[in-house]
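> My file is my_file29.txt. It has compact mmCIF, C-alpha atoms and all ligand atoms:
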```txt
# COMPACT_ATOMS: atom_id res chain seq x y z
CA MET H 1 76.24 -13.46 -35.34
CA ALA H 2 74.33 -12.72 -32.13
CA VAL H 3 76.00 -14.03 -29.01
CA ALA H 4 73.79 -15.25 -26.20
CA PRO H 5 74.59 -13.34 -22.97
CA GLN H 6 76.41 -15.30 -20.31
CA PRO H 7 73.98 -16.09 -17.47
CA ASP H 8 76.25 -14.49 -14.86
CA SER H 9 76.70 -11.30 -16.86
CA ALA H 10 72.94 -10.73 -17.24
CA ALA H 11 71.52 -7.81 -15.34
CA PRO H 12 68.90 -8.96 -12.82
CA PRO H 13 65.28 -8.24 -13.72
CA PRO H 14 63.85 -5.11 -12.14
CA PRO H 15 61.94 -5.49 -8.88
CA LEU H 16 58.22 -6.18 -8.95
CA ALA H 17 55.90 -3.20 -8.79
CA ALA H 18 55.53 -1.83 -5.28
CA ARG H 19 51.79 -2.36 -5.40
CA ALA H 20 52.35 -6.12 -5.47
CA ALA H 21 54.33 -5.90 -2.24
CA ARG H 22 51.55 -3.96 -0.53
CA ILE H 23 49.21 -6.96 -0.57
CA SER H 24 49.46 -10.58 0.51
CA VAL H 25 47.80 -13.90 -0.15
CA SER H 26 44.78 -14.01 2.12
CA ALA H 27 45.25 -15.77 5.46
CA THR H 28 42.04 -17.63 4.66
CA SER H 29 43.70 -19.39 1.76
CA THR H 30 46.69 -20.37 3.90
CA VAL H 31 44.47 -22.19 6.40
CA LEU H 32 42.40 -23.74 3.65
CA ALA H 33 45.54 -24.95 1.86
CA GLU H 34 46.67 -26.79 5.01
CA ALA H 35 43.20 -28.30 5.32
CA ASP H 36 43.42 -29.45 1.69
CA ARG H 37 46.78 -31.04 2.40
CA LEU H 38 45.40 -32.99 5.37
CA ARG H 39 42.31 -34.01 3.43
CA ALA H 40 44.46 -35.29 0.58
CA ALA H 41 46.42 -37.28 3.17
CA GLY H 42 43.16 -38.98 4.20
CA ARG H 43 42.28 -37.03 7.37
CA ASP H 44 38.62 -36.87 8.31
CA LEU H 45 37.95 -33.14 8.60
CA VAL H 46 35.01 -31.09 9.72
CA ASP H 47 35.37 -28.05 7.53
CA PHE H 48 33.99 -24.79 8.92
CA GLY H 49 36.33 -22.85 6.63
CA VAL H 50 34.13 -22.81 3.55
CA GLY H 51 32.90 -19.49 2.23
CA GLU H 52 30.20 -20.80 -0.06
CA PRO H 53 26.82 -22.53 0.34
CA ASP H 54 26.92 -26.34 0.36
CA PHE H 55 24.03 -26.52 -2.12
CA SER H 56 24.02 -26.84 -5.91
CA THR H 57 23.21 -24.06 -8.31
CA PRO H 58 19.42 -24.43 -8.75
CA GLU H 59 18.43 -26.53 -11.73
CA HIS H 60 16.66 -23.81 -13.71
CA ILE H 61 19.77 -21.61 -13.50
CA ARG H 62 22.08 -24.38 -14.68
CA GLU H 63 19.63 -25.15 -17.49
CA ALA H 64 19.70 -21.54 -18.66
CA GLY H 65 23.52 -21.67 -18.78
CA LEU H 66 23.45 -24.96 -20.70
CA GLU H 67 20.82 -23.66 -23.07
CA ALA H 68 23.01 -20.62 -23.82
CA LEU H 69 25.98 -22.91 -24.49
CA ARG H 70 23.93 -25.18 -26.75
CA ALA H 71 22.73 -22.12 -28.66
CA GLY H 72 26.36 -21.10 -29.19
CA PHE H 73 26.14 -18.03 -26.97
CA THR H 74 29.88 -18.03 -26.44
CA ARG H 75 31.21 -14.73 -27.70
CA TYR H 76 32.06 -11.33 -26.22
CA THR H 77 29.15 -9.44 -24.77
CA PRO H 78 28.96 -5.68 -24.23
CA THR H 79 31.47 -4.68 -21.53
CA PRO H 80 28.83 -3.54 -18.98
CA GLY H 81 26.93 -6.79 -19.46
CA LEU H 82 23.92 -7.91 -21.48
CA ALA H 83 21.20 -5.25 -21.57
CA GLU H 84 18.70 -7.86 -20.41
CA LEU H 85 20.87 -8.74 -17.41
CA ARG H 86 21.45 -5.10 -16.44
CA ALA H 87 17.69 -4.61 -16.53
CA ALA H 88 17.24 -7.80 -14.45
CA VAL H 89 19.80 -6.59 -11.89
CA ALA H 90 18.00 -3.25 -11.48
CA ALA H 91 14.57 -4.91 -11.37
CA ALA H 92 15.62 -7.57 -8.84
CA HIS H 93 17.18 -4.92 -6.63
CA ALA H 94 13.96 -2.89 -6.78
CA ARG H 95 11.91 -6.03 -5.98
CA ASP H 96 14.15 -7.16 -3.11
CA PHE H 97 15.07 -3.83 -1.52
CA GLY H 98 12.72 -1.15 -2.89
CA SER H 99 15.42 0.73 -4.82
CA ASN H 100 14.92 2.53 -8.11
CA TYR H 101 18.04 2.21 -10.30
CA PRO H 102 17.83 2.57 -14.08
CA PRO H 103 19.45 -0.37 -15.91
CA ALA H 104 22.05 2.05 -17.27
CA ASP H 105 23.44 2.45 -13.74
CA ALA H 106 24.05 -1.29 -13.42
CA LEU H 107 27.41 -2.82 -14.32
CA VAL H 108 27.77 -6.59 -14.58
CA THR H 109 31.10 -7.78 -13.18
CA VAL H 110 33.13 -10.96 -12.77
CA GLY H 111 31.82 -11.72 -9.28
CA GLY H 112 31.13 -9.23 -6.54
CA LYS H 113 34.86 -9.05 -5.99
CA GLN H 114 35.42 -7.31 -9.31
CA ALA H 115 32.65 -4.82 -8.54
CA LEU H 116 34.50 -3.97 -5.32
CA PHE H 117 37.88 -3.90 -7.05
CA ASN H 118 36.63 -1.61 -9.82
CA ALA H 119 34.94 0.69 -7.30
CA VAL H 120 37.99 0.97 -5.04
CA SER H 121 40.20 1.55 -8.12
CA VAL H 122 38.19 4.55 -9.26
CA LEU H 123 37.36 6.04 -5.85
CA VAL H 124 40.65 5.73 -3.97
CA ASP H 125 43.83 7.62 -4.85
CA HIS H 126 47.29 7.39 -3.31
CA GLY H 127 47.17 8.49 0.31
CA ASP H 128 43.36 8.54 0.52
CA GLU H 129 41.97 7.15 3.75
CA VAL H 130 39.19 4.58 3.73
CA ILE H 131 37.13 3.86 6.84
CA LEU H 132 36.88 0.12 7.32
CA PRO H 133 35.11 -1.50 10.30
CA ALA H 134 36.81 -4.54 11.87
CA PRO H 135 36.39 -7.42 11.73
CA TYR H 136 36.62 -6.98 7.96
CA TRP H 137 36.71 -9.31 5.00
CA VAL H 138 40.39 -9.41 4.15
CA SER H 139 40.01 -8.49 0.47
CA PHE H 140 38.75 -5.03 1.48
CA LEU H 141 42.04 -4.30 3.18
CA ASP H 142 44.19 -5.45 0.29
CA GLN H 143 42.05 -3.83 -2.40
CA ILE H 144 42.42 -0.49 -0.60
CA ARG H 145 46.18 -0.97 -0.24
CA TYR H 146 46.57 -2.07 -3.85
CA ALA H 147 44.91 1.19 -4.94
CA GLY H 148 47.44 3.08 -2.78
CA GLY H 149 44.86 3.99 -0.15
CA VAL H 150 45.23 3.79 3.61
CA PRO H 151 42.74 1.61 5.48
CA VAL H 152 41.60 3.28 8.70
CA VAL H 153 40.31 0.39 10.75
CA VAL H 154 37.48 1.13 13.17
CA PRO H 155 36.69 -1.66 15.65
CA ALA H 156 33.06 -2.74 15.74
CA ARG H 157 31.47 -3.29 19.16
CA GLU H 158 31.26 -6.97 19.90
CA GLU H 159 28.94 -6.43 22.87
CA ARG H 160 26.46 -4.93 20.42
CA GLY H 161 26.60 -7.66 17.82
CA PHE H 162 29.66 -6.17 16.07
CA THR H 163 27.80 -3.02 15.08
CA LEU H 164 29.18 0.53 15.30
CA ASP H 165 28.02 3.91 16.47
CA LEU H 166 28.04 6.74 14.01
CA ALA H 167 30.35 8.56 16.45
CA ASP H 168 32.91 5.72 16.10
CA ILE H 169 33.10 6.48 12.38
CA GLU H 170 32.97 10.23 12.80
CA ARG H 171 35.95 10.16 15.17
CA ALA H 172 38.04 8.33 12.57
CA LEU H 173 37.45 10.89 9.79
CA THR H 174 40.31 13.16 8.74
CA PRO H 175 40.65 15.63 5.87
CA ARG H 176 42.14 12.72 3.88
CA THR H 177 39.11 10.43 4.27
CA LYS H 178 37.57 9.68 0.91
CA LEU H 179 35.45 6.61 1.37
CA ILE H 180 33.55 4.60 3.98
CA LEU H 181 33.35 0.89 3.19
CA LEU H 182 30.58 -1.12 4.86
CA ASN H 183 29.54 -4.74 4.55
CA SER H 184 26.23 -5.83 6.00
CA PRO H 185 25.52 -8.61 6.80
CA ALA H 186 29.21 -8.93 7.40
CA ASN H 187 31.78 -11.55 6.65
CA PRO H 188 33.13 -12.75 9.15
CA SER H 189 30.95 -11.54 12.04
CA GLY H 190 27.45 -11.94 10.60
CA ALA H 191 26.75 -8.45 11.94
CA LEU H 192 23.78 -6.61 10.56
CA LEU H 193 24.02 -2.83 10.47
CA PRO H 194 20.59 -1.29 11.05
CA PRO H 195 18.90 0.97 8.47
CA ALA H 196 19.14 3.92 10.86
CA PHE H 197 22.91 3.49 11.00
CA PHE H 198 23.15 3.46 7.21
CA ALA H 199 20.98 6.57 7.03
CA GLY H 200 23.34 8.25 9.52
CA VAL H 201 26.42 7.23 7.52
CA LEU H 202 24.81 8.48 4.32
CA ASP H 203 24.08 11.80 5.98
CA LEU H 204 27.67 11.94 7.23
CA CYS H 205 28.94 11.26 3.70
CA ARG H 206 26.85 14.12 2.37
CA ARG H 207 27.95 16.54 5.09
CA ARG H 208 31.64 15.65 4.87
CA GLY H 209 31.91 15.06 1.13
CA LEU H 210 32.62 11.32 1.16
CA TRP H 211 31.72 8.25 -0.84
CA LEU H 212 30.04 5.20 0.63
CA LEU H 213 30.76 1.75 -0.80
CA SER H 214 28.34 -0.87 0.47
CA ASP H 215 29.10 -4.55 -0.11
CA GLU H 216 25.75 -6.34 -0.31
CA CYS H 217 27.13 -9.81 -1.03
CA TYR H 218 25.06 -11.31 1.84
CA ALA H 219 22.13 -8.87 1.75
CA LYS H 220 19.56 -11.63 1.29
CA PHE H 221 21.05 -13.77 4.07
CA VAL H 222 19.14 -12.27 7.01
CA TYR H 223 17.29 -14.38 9.54
CA ASP H 224 15.39 -12.08 11.89
CA ASP H 225 15.04 -8.89 9.84
CA GLN H 226 13.88 -7.62 6.48
CA PRO H 227 16.56 -7.43 3.78
CA TYR H 228 17.78 -3.85 3.49
CA SER H 229 19.87 -1.88 1.01
CA VAL H 230 21.10 1.65 1.55
CA GLY H 231 20.55 1.97 -2.20
CA ALA H 232 16.82 2.35 -1.45
CA GLU H 233 17.48 5.69 0.30
CA PRO H 234 16.78 8.55 -2.13
CA ALA H 235 19.89 10.38 -0.90
CA ALA H 236 22.04 7.42 -1.96
CA ARG H 237 21.84 8.02 -5.68
CA ASP H 238 24.83 10.34 -6.09
CA ARG H 239 26.83 9.10 -3.11
CA VAL H 240 26.71 5.35 -2.80
CA VAL H 241 28.17 2.52 -4.83
CA LEU H 242 26.61 -0.88 -4.19
CA ALA H 243 28.56 -4.06 -4.86
CA GLY H 244 26.33 -7.11 -5.26
CA SER H 245 26.90 -10.75 -6.03
CA LEU H 246 24.95 -13.73 -7.28
CA SER H 247 27.61 -16.06 -5.86
CA LYS H 248 26.04 -16.90 -2.52
CA THR H 249 22.41 -15.92 -3.10
CA TYR H 250 22.01 -18.27 -6.04
CA VAL H 251 24.85 -20.67 -5.22
CA MET H 252 26.78 -19.45 -8.26
CA THR H 253 30.26 -19.00 -6.78
CA GLY H 254 31.96 -20.64 -9.75
CA TRP H 255 29.97 -18.78 -12.39
CA ARG H 256 31.55 -15.47 -11.36
CA ILE H 257 28.71 -13.00 -11.72
CA GLY H 258 28.41 -9.85 -9.64
CA TYR H 259 27.29 -6.33 -10.23
CA ALA H 260 27.59 -2.72 -9.18
CA LEU H 261 24.84 -0.15 -8.93
CA GLY H 262 25.77 3.47 -8.44
CA PRO H 263 26.03 7.03 -9.69
CA ALA H 264 26.45 7.21 -13.48
CA PRO H 265 29.92 8.88 -13.41
CA VAL H 266 31.28 6.21 -11.04
CA ILE H 267 29.79 3.39 -13.07
CA ALA H 268 31.29 4.95 -16.22
CA ALA H 269 34.74 5.05 -14.60
CA MET H 270 34.39 1.47 -13.36
CA LEU H 271 33.44 0.46 -16.89
CA LYS H 272 36.72 1.92 -18.16
CA VAL H 273 38.70 -0.20 -15.69
CA GLN H 274 36.74 -3.28 -16.65
CA SER H 275 37.15 -2.60 -20.37
CA HIS H 276 40.92 -2.83 -19.89
CA SER H 277 40.92 -5.86 -17.60
CA THR H 278 38.26 -8.55 -17.94
CA SER H 279 36.04 -6.94 -20.62
CA ASN H 280 32.81 -8.76 -19.90
CA ALA H 281 31.61 -11.42 -17.50
CA THR H 282 31.31 -14.85 -19.13
CA SER H 283 28.59 -14.80 -21.78
CA PHE H 284 26.65 -17.96 -20.87
CA ALA H 285 27.01 -17.26 -17.15
CA GLN H 286 25.22 -13.97 -17.80
CA LYS H 287 22.32 -15.91 -19.33
CA ALA H 288 22.21 -18.11 -16.23
CA ALA H 289 22.24 -14.96 -14.09
CA ILE H 290 19.15 -13.64 -15.88
CA ALA H 291 17.36 -16.87 -14.98
CA ALA H 292 18.53 -16.57 -11.37
CA LEU H 293 17.29 -13.01 -10.93
CA THR H 294 14.02 -13.31 -12.84
CA GLY H 295 13.07 -16.93 -12.08
CA THR H 296 11.67 -18.61 -8.98
CA GLN H 297 13.19 -17.52 -5.68
CA ALA H 298 11.98 -20.71 -3.94
CA PRO H 299 15.43 -22.41 -3.75
CA LEU H 300 16.80 -19.32 -2.03
CA ALA H 301 13.97 -19.33 0.52
CA ALA H 302 14.60 -23.03 1.24
CA MET H 303 18.33 -22.44 1.66
CA LEU H 304 17.75 -19.52 4.02
CA ALA H 305 15.40 -21.61 6.18
CA GLU H 306 18.10 -24.28 6.41
CA PHE H 307 20.81 -21.72 7.27
CA ARG H 308 18.61 -20.25 9.99
CA ARG H 309 18.29 -23.68 11.66
CA ARG H 310 22.02 -24.24 11.41
CA ARG H 311 22.80 -20.80 12.78
CA ASP H 312 20.72 -21.48 15.86
CA LEU H 313 22.32 -24.91 16.26
CA ILE H 314 25.91 -23.71 15.98
CA VAL H 315 25.46 -20.64 18.17
CA GLN H 316 23.75 -22.69 20.86
CA GLY H 317 26.51 -25.32 20.65
CA LEU H 318 29.33 -22.77 20.78
CA ARG H 319 27.80 -20.99 23.74
CA ALA H 320 27.57 -24.30 25.62
CA ILE H 321 31.38 -24.74 25.50
CA PRO H 322 33.08 -23.27 28.58
CA GLY H 323 35.41 -20.43 27.59
CA VAL H 324 33.59 -19.67 24.33
CA ARG H 325 31.35 -16.62 23.88
CA CYS H 326 29.37 -16.00 20.72
CA VAL H 327 27.19 -13.11 19.62
CA LEU H 328 24.17 -14.04 17.56
CA PRO H 329 25.02 -13.46 13.90
CA ARG H 330 21.97 -11.83 12.33
CA GLY H 331 23.02 -12.53 8.77
CA ALA H 332 25.46 -14.17 6.31
CA PHE H 333 26.44 -17.75 7.21
CA TYR H 334 29.27 -17.32 9.68
CA ALA H 335 29.52 -17.46 13.46
CA TYR H 336 32.39 -15.53 15.01
CA PRO H 337 32.91 -16.77 18.57
CA ASN H 338 35.32 -15.20 21.02
CA VAL H 339 37.80 -17.69 22.51
CA ALA H 340 39.91 -15.19 24.49
CA ASP H 341 39.30 -17.15 27.70
CA LEU H 342 40.91 -20.23 26.16
CA LEU H 343 44.06 -18.45 25.02
CA GLY H 344 47.25 -17.89 26.97
CA ARG H 345 47.14 -21.05 29.09
CA PRO H 346 50.53 -22.67 29.79
CA GLY H 347 51.24 -25.03 26.90
CA GLY H 348 48.04 -23.98 25.14
CA PRO H 349 47.56 -21.75 22.12
CA GLN H 350 48.52 -18.11 22.68
CA THR H 351 46.80 -16.68 19.61
CA THR H 352 43.78 -17.65 17.53
CA LEU H 353 46.19 -18.39 14.69
CA GLU H 354 47.72 -21.06 16.92
CA PHE H 355 44.32 -22.13 18.24
CA SER H 356 43.03 -22.66 14.72
CA ALA H 357 46.19 -24.53 13.62
CA ARG H 358 46.12 -26.86 16.65
CA LEU H 359 42.38 -27.45 16.41
CA LEU H 360 43.02 -28.54 12.83
CA GLN H 361 45.98 -30.78 13.70
CA ASP H 362 44.50 -32.33 16.88
CA GLN H 363 40.82 -32.62 16.00
CA GLY H 364 40.62 -32.12 12.25
CA VAL H 365 38.37 -29.07 12.59
CA VAL H 366 38.88 -26.30 10.04
CA THR H 367 38.26 -22.71 11.15
CA VAL H 368 39.66 -19.36 10.11
CA PRO H 369 41.54 -17.40 12.79
CA GLY H 370 40.42 -13.88 13.63
CA GLU H 371 43.82 -12.44 12.75
CA ALA H 372 42.76 -12.80 9.11
CA PHE H 373 39.91 -10.38 9.77
CA GLY H 374 41.63 -7.87 12.02
CA THR H 375 40.56 -9.10 15.47
CA ALA H 376 42.69 -11.13 17.86
CA ALA H 377 40.30 -13.27 19.93
CA HIS H 378 37.96 -14.90 17.44
CA LEU H 379 37.54 -17.82 15.07
CA ARG H 380 35.28 -17.84 12.05
CA PHE H 381 32.97 -20.82 11.66
CA SER H 382 31.07 -21.07 8.40
CA TYR H 383 27.80 -22.94 8.89
CA ALA H 384 27.48 -23.72 5.21
CA VAL H 385 27.98 -27.24 6.52
CA PRO H 386 25.31 -29.97 7.00
CA GLU H 387 23.85 -30.37 10.49
CA PRO H 388 25.53 -33.68 11.39
CA ALA H 389 28.94 -32.15 10.58
CA ILE H 390 28.11 -29.11 12.70
CA ARG H 391 27.28 -31.39 15.65
CA GLU H 392 30.47 -33.41 15.15
CA GLY H 393 32.58 -30.25 14.82
CA LEU H 394 31.13 -28.84 18.02
CA ARG H 395 31.86 -32.12 19.82
CA ARG H 396 35.48 -31.97 18.67
CA LEU H 397 35.83 -28.32 19.62
CA ALA H 398 34.43 -29.07 23.08
CA ALA H 399 36.98 -31.91 23.49
CA PHE H 400 39.82 -29.65 22.35
CA SER H 401 38.75 -26.83 24.65
CA ALA H 402 38.33 -29.13 27.65
CA LEU H 403 42.01 -30.07 27.42
CA LEU H 404 42.95 -26.39 27.70
CA LYS H 405 41.40 -26.06 31.12
C1 LIG W 1 32.08 -9.93 2.08
C2 LIG W 1 32.23 -10.47 0.71
N1 LIG W 1 32.10 -9.65 -0.33
C3 LIG W 1 32.24 -10.07 -1.58
C4 LIG W 1 32.53 -11.39 -1.86
C5 LIG W 1 32.74 -11.71 -3.30
O1 LIG W 1 32.10 -12.77 -3.79
P1 LIG W 1 32.16 -13.12 -5.34
O2 LIG W 1 33.31 -12.44 -5.96
O3 LIG W 1 32.25 -14.59 -5.39
O4 LIG W 1 30.86 -12.62 -5.91
C6 LIG W 1 32.70 -12.29 -0.81
C7 LIG W 1 33.07 -13.69 -1.06
O5 LIG W 1 33.44 -14.43 -0.20
C8 LIG W 1 32.53 -11.82 0.51
O6 LIG W 1 32.65 -12.65 1.56
```
As structure tokens, please, write out the structure in this file.

Amino acid sequence: MAVAPQPDSAAPPPPLAARAARISVSATSTVLAEADRLRAAGRDLVDFGVGEPDFSTPEHIREAGLEALRAGFTRYTPTPGLAELRAAVAAAHARDFGSNYPPADALVTVGGKQALFNAVSVLVDHGDEVILPAPYWVSFLDQIRYAGGVPVVVPAREERGFTLDLADIERALTPRTKLILLNSPANPSGALLPPAFFAGVLDLCRRRGLWLLSDECYAKFVYDDQPYSVGAEPAARDRVVLAGSLSKTYVMTGWRIGYALGPAPVIAAMLKVQSHSTSNATSFAQKAAIAALTGTQAPLAAMLAEFRRRRDLIVQGLRAIPGVRCVLPRGAFYAYPNVADLLGRPGGPQTTLEFSARLLQDQGVVTVPGEAFGTAAHLRFSYAVPEPAIREGLRRLAAFSALLK
């Protein structure tokens, strides 16, 4: 008869894989969890922490998803996505940015995040260095580390709208550099990297034998410029992997549809990773995505017009607060003001982590501290928030800051 082992004689389980210890829960979620706790306790919050548009998925997109469900379209799809959706991804990218990808070079993923994850998995080996401008979206850092790579953080120049010079990147290259990861417009700074910069980086990648991974999650969220994709450069075809997302553009964050466009061998390798992890993106969400990409773009235009107004409002309001400086974000939906002048006062917050925590406790204003994005003097404000809330949040921030004087 089998005897159950005594609990105290059992060998302990082995440690978790080292790769799990190399990454952490994003600082963004920590702040947002505290905000959730306060909200549940009845606090009246102004929430600038949100990373998604405060609109609904447009009706015709939801209808397409419902129609697919009603028709029983609920089974596995091909791993790279429905052929019709891959064609729609390539066609929409050509329409929006002037690129020329064949549908076969499009991979449909579970959100833009999986496109990035798959790409980093197949491009980055243990010890490979990846150039990453700061401030960065925190998932870039942890995806690189998870793959065993080494992020080489290159500070962007705040005085120039958080852009970089090519020389800044060139100086950071070593024989171990494998990949340059760019995100424009950027989360959290709203920085827009100009086409000439991308062309220079692409040239650098060709000369030095590197990959370029470009996260285009916010590519349509530009307010003063034409949308741009490095994927439209002819020299990009064998060098660049694009990670795109329908999440923000079509207010589809919960549907989890993204895509990658890139050189056939990279897409084929990414497909292998996906085939052993998520298989395919959700079947009926793919049908909704086809409607999003091929249908009317009017809801997007209306949302962008609203975001432009809010951007101007929040930047103007932030700049009016003594001690706060703010570069004009040219894209995405975040402002990234510098509050260095308000830190370090006796009895006041010493870091933006503390600033953000006290602003939340004292005034009920949710922000994300710059530490989460690799800079020490900033706070991220999402303006995916209605105008009256923006005004109220600015009023509370001004009151909080005045007490620090
Ligand atoms: C810079 C950036 N890239 C990619 C994503 C991924 O978005 P999703 O996975 O929802 O498509 C996000 C989401 O916040 C983001 O901010």
> Looking at H:Leu304, H:Leu182, H:Ala18, H:Ala398, which one is nearest to H:Phe197, with distances taken over all atoms listed in the file?
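Distance minimum relative to H:Phe197 lands on H:Leu182.
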> Per residue of stretch 118-220 of chain H within 12 Å of stretch 42-62 of chain H, note the shortest atom pair and the distance in Å to one decimal, counting only C-alpha atoms, and order the rows by chain and increasing residue number, as CSV.

```
residue,atom,partner,partner_atom,distance
H:Trp137,CA,H:Gly51,CA,11.2
H:Asn187,CA,H:Gly51,CA,9.2
H:Pro188,CA,H:Gly51,CA,9.7
H:Cys217,CA,H:Glu52,CA,11.5
H:Tyr218,CA,H:Glu52,CA,11.0
```
> Restricted to C-alpha atoms, what would the selected residues look like written as an mmCIF file, keeping the file's coordinate frame?

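Writing done, so here's part23.cif:
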```
data_model
loop_
_atom_site.group_PDB
_atom_site.id
_atom_site.type_symbol
_atom_site.label_atom_id
_atom_site.label_comp_id
_atom_site.auth_asym_id
_atom_site.auth_seq_id
_atom_site.Cartn_x
_atom_site.Cartn_y
_atom_site.Cartn_z
ATOM 1 C CA TRP H 137 36.710 -9.310 5.000
ATOM 2 C CA ASN H 187 31.780 -11.550 6.650
ATOM 3 C CA PRO H 188 33.130 -12.750 9.150
ATOM 4 C CA CYS H 217 27.130 -9.810 -1.030
ATOM 5 C CA TYR H 218 25.060 -11.310 1.840
#
```
> Any chance you could tabulate, as JSON lines, the residues of chain H at most 9 Å from ligand LIG 1 (chain W) with each one's nearest atom pair and distance in Å to one decimal, using all atoms listed in the file, in chain and rising number order?

```
{"residue": "H:Gly51", "atom": "CA", "partner": "W:LIG1", "partner_atom": "O5", "distance": 5.6}
{"residue": "H:Glu52", "atom": "CA", "partner": "W:LIG1", "partner_atom": "O5", "distance": 7.1}
{"residue": "H:Thr109", "atom": "CA", "partner": "W:LIG1", "partner_atom": "O4", "distance": 8.7}
{"residue": "H:Val110", "atom": "CA", "partner": "W:LIG1", "partner_atom": "O2", "distance": 7.0}
{"residue": "H:Gly111", "atom": "CA", "partner": "W:LIG1", "partner_atom": "O4", "distance": 3.6}
{"residue": "H:Gly112", "atom": "CA", "partner": "W:LIG1", "partner_atom": "O4", "distance": 3.5}
{"residue": "H:Lys113", "atom": "CA", "partner": "W:LIG1", "partner_atom": "O2", "distance": 3.7}
{"residue": "H:Gln114", "atom": "CA", "partner": "W:LIG1", "partner_atom": "O2", "distance": 6.5}
{"residue": "H:Ala115", "atom": "CA", "partner": "W:LIG1", "partner_atom": "O2", "distance": 8.1}
{"residue": "H:Leu116", "atom": "CA", "partner": "W:LIG1", "partner_atom": "C3", "distance": 7.5}
{"residue": "H:Tyr136", "atom": "CA", "partner": "W:LIG1", "partner_atom": "C1", "distance": 8.0}
{"residue": "H:Trp137", "atom": "CA", "partner": "W:LIG1", "partner_atom": "C1", "distance": 5.5}
{"residue": "H:Val138", "atom": "CA", "partner": "W:LIG1", "partner_atom": "C1", "distance": 8.6}
{"residue": "H:Ser139", "atom": "CA", "partner": "W:LIG1", "partner_atom": "C2", "distance": 8.0}
{"residue": "H:Phe140", "atom": "CA", "partner": "W:LIG1", "partner_atom": "N1", "distance": 8.3}
{"residue": "H:Asn183", "atom": "CA", "partner": "W:LIG1", "partner_atom": "C1", "distance": 6.3}
{"residue": "H:Ser184", "atom": "CA", "partner": "W:LIG1", "partner_atom": "C1", "distance": 8.1}
{"residue": "H:Pro185", "atom": "CA", "partner": "W:LIG1", "partner_atom": "C1", "distance": 8.2}
{"residue": "H:Ala186", "atom": "CA", "partner": "W:LIG1", "partner_atom": "C1", "distance": 6.1}
{"residue": "H:Asn187", "atom": "CA", "partner": "W:LIG1", "partner_atom": "C1", "distance": 4.9}
{"residue": "H:Pro188", "atom": "CA", "partner": "W:LIG1", "partner_atom": "O6", "distance": 7.6}
{"residue": "H:Asp215", "atom": "CA", "partner": "W:LIG1", "partner_atom": "N1", "distance": 5.9}
{"residue": "H:Glu216", "atom": "CA", "partner": "W:LIG1", "partner_atom": "N1", "distance": 7.2}
{"residue": "H:Cys217", "atom": "CA", "partner": "W:LIG1", "partner_atom": "N1", "distance": 5.0}
{"residue": "H:Tyr218", "atom": "CA", "partner": "W:LIG1", "partner_atom": "C1", "distance": 7.2}
{"residue": "H:Ala243", "atom": "CA", "partner": "W:LIG1", "partner_atom": "C3", "distance": 7.8}
{"residue": "H:Gly244", "atom": "CA", "partner": "W:LIG1", "partner_atom": "O4", "distance": 7.2}
{"residue": "H:Ser245", "atom": "CA", "partner": "W:LIG1", "partner_atom": "O4", "distance": 4.4}
{"residue": "H:Leu246", "atom": "CA", "partner": "W:LIG1", "partner_atom": "O4", "distance": 6.2}
{"residue": "H:Ser247", "atom": "CA", "partner": "W:LIG1", "partner_atom": "O4", "distance": 4.7}
{"residue": "H:Lys248", "atom": "CA", "partner": "W:LIG1", "partner_atom": "O3", "distance": 7.2}
{"residue": "H:Met252", "atom": "CA", "partner": "W:LIG1", "partner_atom": "O3", "distance": 7.9}
{"residue": "H:Thr253", "atom": "CA", "partner": "W:LIG1", "partner_atom": "O3", "distance": 5.0}
{"residue": "H:Gly254", "atom": "CA", "partner": "W:LIG1", "partner_atom": "O3", "distance": 7.5}
{"residue": "H:Trp255", "atom": "CA", "partner": "W:LIG1", "partner_atom": "O3", "distance": 8.5}
{"residue": "H:Arg256", "atom": "CA", "partner": "W:LIG1", "partner_atom": "O3", "distance": 6.1}
{"residue": "H:Ile257", "atom": "CA", "partner": "W:LIG1", "partner_atom": "O4", "distance": 6.2}
{"residue": "H:Gly258", "atom": "CA", "partner": "W:LIG1", "partner_atom": "O4", "distance": 5.3}
{"residue": "H:Tyr259", "atom": "CA", "partner": "W:LIG1", "partner_atom": "O4", "distance": 8.4}
{"residue": "H:Ala332", "atom": "CA", "partner": "W:LIG1", "partner_atom": "O6", "distance": 8.8}
```
> If you measure from atom CA of H:Leu38 to atom CA of H:Arg358, what distance in Å do you get, rounded to one decimal?
12.9 Å
> Which residue is closest to H:Glu306? Choose from H:Ser99, H:Pro265, H:Tyr223, H:Gln274 and count only C-alpha atoms.
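Smallest separation from H:Glu306 among the options: H:Tyr223.
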> Which residues come within 12 Å of H:Thr30, counting only C-alpha atoms, excluding same-chain residues fewer than 6 positions away, as a list in words?
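Selected residues are Ser24, Asp36, Arg37, Gly49, Leu353, Ser356, Ala357, Val366, Thr367, Val368, Pro369 and Ala372 of chain H.
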> So which residues are close to (32.4, 5.7, 14.7), meaning at most 12 Å away in the file's coordinates with only C-alpha atoms counted, and can you show them as a ChimeraX atom specification?
/H:131-134,152-157,163-173,180,197,200-201,204
> From the options H:Arg325, H:Arg330, H:Arg19, H:Lys220, which residue's atoms come nearest to H:Gly148, counting all atoms listed in the file?
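Between H:Arg325, H:Arg330, H:Arg19, H:Lys220, the residue approaching H:Gly148 most closely is H:Arg19.
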> Find the distance between atom CA of H:Val120 and atom CA of H:Gln143 and write it in Å to one decimal.
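Interatomic distance here is 6.8 Å.
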